[in-house]
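Enquirer: Please see the structure below; I have some questions.
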Amino acid sequence: MPLHQRLIRRSRRLARTATHSTVNLRDRLLRSDELVRAERTPYEVIHREGIAQLRYYPPLAQDEIELLDERVPVQREVHAVPLVLVSPLAVNMLIYDLFEQRSLVRYLRARGFELYLVDWGRPDSRHDEFRLATYVAELMPKMLAQVRAHSGSQRLSLHGWSFGGLFSYAYTALSRDPDIVNLALVGAPCDYHNNGMLGLQYQRLSKQLRWLRERTGFRPHNTSPRWWRSPGWANSLAFKLTNPVASLQGYFELLRNLHDREFVSDHATNGAFLDGMVAYPGGVMQDIVQYLWADNVLAKGRLPIKRCDAELRNIDANLLLVAGKEDVIVTTGCTHPILEHARSPDKTLLEVPGGHMGILGGSKAPRHIWPQVADWLAARST
C-alpha cells in the first residue's frame, strides 16, 4: 500500500478515536448515570422502616448466569435457611450488584439461597440522634421479623460485610436469638487497637480522650450529635485516601482508555459506588469515637451500647470469618478476636487476598471468595 494511503487510513483511525474519546469524556462528566451498569438484578422492597428498607431477591428467570468469563447454573432447589445480607453504613447498595457478570446477589440467588438485603438508607441531619443501638437493638429485630414472616422460616443466616458484620454479630450477642444459624462475617471489625496503622491512631486518640476526661470530664456524648455527623463526601474521600495511589491511577487509566466505551462504563460504575457514599449520623459517630476507637469495647467482649451487659460470648451460631490479607481498614488482627470471644462450636477462618472492598465485590472475589462462602453456608443451611 502506498505511503499516502497508509497515512490517510491512519489519520482516519485517529479521527475516529478522537471522536469516541470526546463523546465518552462528555458522557462520563455530564451523563455518568447513563453509563452505570449496577443494580440490574430484580428485587422487591417488602418492608420499609423509616429510611431503612428490606429487599427480597426473587428466583432468577434464566437457567444460568454469567460470572466473569464462566457460566454458573441456576439452582432451582432452595436451601432451607434463608440468607440475609446485612449492609454497612456509609456505603450505597451498588456494591452488592455492581456488574451483571460480577453481582454477589445474583450469584447467591443462583446458588439456591432465598435472599434478602437490609438497606439502611440515606440518613440526613434529621437522623443525627441515631446511635449504634438504633441499628442493633431496634432496626435489626424489626427487619429480621419481616424476613421470617415473608420466608416462613424462623431459622436465618446473616452475611455481614464491614460494619454490617458488626451489626450481625452484635445483634446475635444482644438478642441471644437461637435461630440465627450461621454468621458469615466479611471484613468485620472487632479489636480497633490492633488494626495496623489505623490502630495506632486509635490508641493515641484513646490516650488523649482519657487525659481530657480526667481533667475536664469531657466525653464525645456530652456534645450535640449534629456536630459529629460525617457527610457522604467525607466518607468517600476517607475511603479513597486509604489507597490514594490506586485512586489516582484509576483516573489516569480512564484518560488512556477514553476511546473504549466499555472501559468508561466500568469506570463510571465503580465511581457510582465510590463517589456515592452515605453519611454517618452524628450519634453513630459519637459511639464509634468513644466506644470503638477510644474504649475498644468489642475487643473486651462487650457491645458498644450504653448500659448494656450483653457479651460476645453469647454468640453460638456457626461462624465464618473472612479476612483480607491486604485490608488496611479492617486488618486480620482487628477481626480475629471475634473467634476468641464467640463460643460457637463451629468456627472457620478464611484469609483471602484483597482489600476491604475487594474481599466483597472485587474482580477476584467471584472466583476466589464467593464460592467458598456459598459452599460454607450451603453445608450449614439444610
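We name chains A, B, ... following the order of the C-alpha cells; residues begin at 1 in each chain, and ligands are numbered from 1 as shown.
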Taking 2 positions as the minimum chain separation for residues in the same chain, which residues sit within 6 Å of segment 188-201 of chain A when counting only C-alpha atoms? Answer as a PyMOL selection string.

Expert: chain A and resi 162+165-166+185-186+203-204+298-299+330-331+333-335

Enquirer: Quick one: DSSP strand (DSSP E) residues in segment 64-131 of chain A, as a ChimeraX atom specification?

Expert: /A:64-67,70-73,83-86,115-119

Enquirer: Just the alpha helix (DSSP H) stuff from segment 220-379 of chain A, please, per backbone DSSP, written as a VMD selection string.

Expert: chain A and resid 232 to 241 244 to 256 261 to 274 282 to 287 332 to 335 337 to 341 358 to 361 365 to 368 370 to 379

Enquirer: Can you pull out the residues contacting segment 337-343 of chain A? Cut-off 6 Å, using only C-alpha atoms, and skip same-chain residues under 3 positions away; I want them as a list of chain:residue names.

Expert: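 Near segment 337-343 of chain A, the qualifying residues are A:Leu312, A:Arg313, A:Ile315, A:Asp316.
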
Enquirer: Would you save the residues of that selection, restricted to N, CA, C and O atoms, as an mmCIF file, in the first residue's frame?

Expert:
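So out-v1.cif came out as:
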data_model
loop_
_atom_site.group_PDB
_atom_site.id
_atom_site.type_symbol
_atom_site.label_atom_id
_atom_site.label_comp_id
_atom_site.auth_asym_id
_atom_site.auth_seq_id
_atom_site.Cartn_x
_atom_site.Cartn_y
_atom_site.Cartn_z
ATOM 1 N N LEU A 312 -20.039 -10.778 73.853
ATOM 2 C CA LEU A 312 -19.846 -11.512 72.601
ATOM 3 C C LEU A 312 -19.824 -13.026 72.818
ATOM 4 O O LEU A 312 -20.061 -13.784 71.881
ATOM 5 N N ARG A 313 -19.576 -13.449 74.037
ATOM 6 C CA ARG A 313 -19.586 -14.893 74.288
ATOM 7 C C ARG A 313 -20.992 -15.481 74.219
ATOM 8 O O ARG A 313 -21.161 -16.695 74.274
ATOM 9 N N ILE A 315 -22.600 -15.475 71.572
ATOM 10 C CA ILE A 315 -22.721 -15.961 70.188
ATOM 11 C C ILE A 315 -22.400 -17.440 70.140
ATOM 12 O O ILE A 315 -21.307 -17.873 70.528
ATOM 13 N N ASP A 316 -23.353 -18.239 69.647
ATOM 14 C CA ASP A 316 -23.090 -19.667 69.471
ATOM 15 C C ASP A 316 -23.490 -20.163 68.085
ATOM 16 O O ASP A 316 -23.527 -21.364 67.832
#

Enquirer: Could you check which of A:Leu108, A:Ile95, A:Leu377, A:Val86 is closest to Gly358 of chain A, using only C-alpha atoms?

Expert: A:Ile95

Enquirer: Closest to Tyr116 of chain A among A:Gln53, A:Asn92, A:Thr348, A:Gln154, using only C-alpha atoms?

Expert: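 Counting only C-alpha atoms, the residue closest to Tyr116 of chain A is A:Gln53.
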
Enquirer: Per residue of segment 172-196 of chain A within 10 Å of segment 69-83 of chain A, which atom pair is closest and at what distance in Å (one decimal), using only C-alpha atoms, listed by chain and increasing number, as JSON lines?

Expert:
{"residue": "A:Asp179", "atom": "CA", "partner": "A:Val81", "partner_atom": "CA", "distance": 9.9}
{"residue": "A:Ile180", "atom": "CA", "partner": "A:Val81", "partner_atom": "CA", "distance": 9.5}
{"residue": "A:Val181", "atom": "CA", "partner": "A:Val81", "partner_atom": "CA", "distance": 8.1}
{"residue": "A:Asn182", "atom": "CA", "partner": "A:Leu83", "partner_atom": "CA", "distance": 8.9}
{"residue": "A:Leu183", "atom": "CA", "partner": "A:Leu83", "partner_atom": "CA", "distance": 9.8}
{"residue": "A:Ala184", "atom": "CA", "partner": "A:Leu83", "partner_atom": "CA", "distance": 9.8}

Enquirer: For the residues in the current selection, export N, CA and C atoms as a tab-separated table (two decimals), in the first residue's frame.

Expert:
chain	number	residue	atom	x	y	z
A	179	ASP	N	-32.19	-18.75	66.72
A	179	ASP	CA	-32.46	-19.18	65.35
A	179	ASP	C	-31.58	-18.48	64.32
A	180	ILE	N	-30.56	-17.76	64.78
A	180	ILE	CA	-29.52	-17.33	63.86
A	180	ILE	C	-28.55	-18.50	63.74
A	181	VAL	N	-28.67	-19.20	62.64
A	181	VAL	CA	-27.93	-20.46	62.48
A	181	VAL	C	-26.48	-20.21	62.06
A	182	ASN	N	-26.30	-19.28	61.11
A	182	ASN	CA	-24.97	-19.04	60.56
A	182	ASN	C	-24.66	-17.55	60.53
A	183	LEU	N	-23.41	-17.23	60.86
A	183	LEU	CA	-22.89	-15.88	60.72
A	183	LEU	C	-21.70	-15.92	59.76
A	184	ALA	N	-21.86	-15.33	58.59
A	184	ALA	CA	-20.76	-15.20	57.64
A	184	ALA	C	-20.31	-13.75	57.67

Enquirer: Taking only C-alpha atoms into account, which of A:Ser157, A:Ser363, A:Ser125, A:Asn318 comes nearest Arg229 of chain A?

Expert: A:Ser125

Enquirer: Would you compute the distance between atom CA of Gly354 of chain A and atom CA of Leu156 of chain A? Give it in Å to one decimal.

Expert: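 Distance reported for this atom pair: 27.8 Å.
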
Enquirer: Check the smallest atom-to-atom distance from each of A:Val289, A:Ala137, A:Met277, A:Leu174 to Leu209 of chain A using only C-alpha atoms, then report the winner.

Expert: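 Closest residue, counting only C-alpha atoms: A:Val289.
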
Enquirer: Counting only C-alpha atoms, which residue out of A:Val297, A:Gly187, A:Asp124, A:Val147 sits closest to Arg226 of chain A?

Expert: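 Closest to Arg226 of chain A of all the choices is A:Asp124.
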
Enquirer: Counting only C-alpha atoms, figure out which residue out of A:Leu54, A:Gly164, A:Asp97, A:Ala133 gets nearest to Arg307 of chain A.

Expert: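 Looking at the shortest contact to Arg307 of chain A, the residue is A:Ala133.
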
Enquirer: Would you mind reading off the distance between atom CA of Pro58 of chain A and atom CA of Pro42 of chain A, one decimal, in Å?

Expert: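 Atom-to-atom, atom CA of Pro58 of chain A to atom CA of Pro42 of chain A, that is 7.4 Å.
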
Enquirer: Skipping near chain neighbours, those fewer than 2 positions away, what residues fall within 7 Å of Trp293 of chain A using only C-alpha atoms, listed as a compact mmCIF listing (two decimals) with N, CA, C and O atoms, in the first residue's frame?

Expert:
# COMPACT_ATOMS: atom_id res chain seq x y z
N TYR A 192 -10.16 -2.68 67.55
CA TYR A 192 -9.76 -1.48 66.83
C TYR A 192 -8.33 -1.05 67.15
O TYR A 192 -7.69 -0.38 66.34
N TYR A 202 -5.89 5.09 66.71
CA TYR A 202 -6.95 4.91 67.70
C TYR A 202 -6.38 4.85 69.11
O TYR A 202 -6.98 5.38 70.06
N SER A 206 -7.30 7.37 72.09
CA SER A 206 -7.78 6.86 73.37
C SER A 206 -7.06 7.54 74.53
O SER A 206 -7.69 7.95 75.52
N ILE A 288 -18.90 5.55 67.73
CA ILE A 288 -17.69 5.00 67.11
C ILE A 288 -16.44 5.56 67.79
O ILE A 288 -15.53 4.81 68.16
N VAL A 289 -16.41 6.87 67.96
CA VAL A 289 -15.22 7.51 68.54
C VAL A 289 -15.01 7.05 69.98
O VAL A 289 -13.89 6.69 70.37
N GLN A 290 -16.10 7.04 70.79
CA GLN A 290 -15.94 6.73 72.21
C GLN A 290 -15.83 5.23 72.46
O GLN A 290 -14.87 4.75 73.10
N TYR A 291 -16.80 4.47 71.97
CA TYR A 291 -16.85 3.05 72.33
C TYR A 291 -15.88 2.18 71.53
O TYR A 291 -15.29 1.23 72.08
N ASP A 295 -12.44 3.44 73.65
CA ASP A 295 -12.59 2.41 74.69
C ASP A 295 -12.36 0.99 74.18
O ASP A 295 -12.11 0.08 74.98
N ASN A 296 -12.46 0.79 72.86
CA ASN A 296 -12.20 -0.52 72.25
C ASN A 296 -12.98 -1.64 72.94
O ASN A 296 -12.46 -2.70 73.27
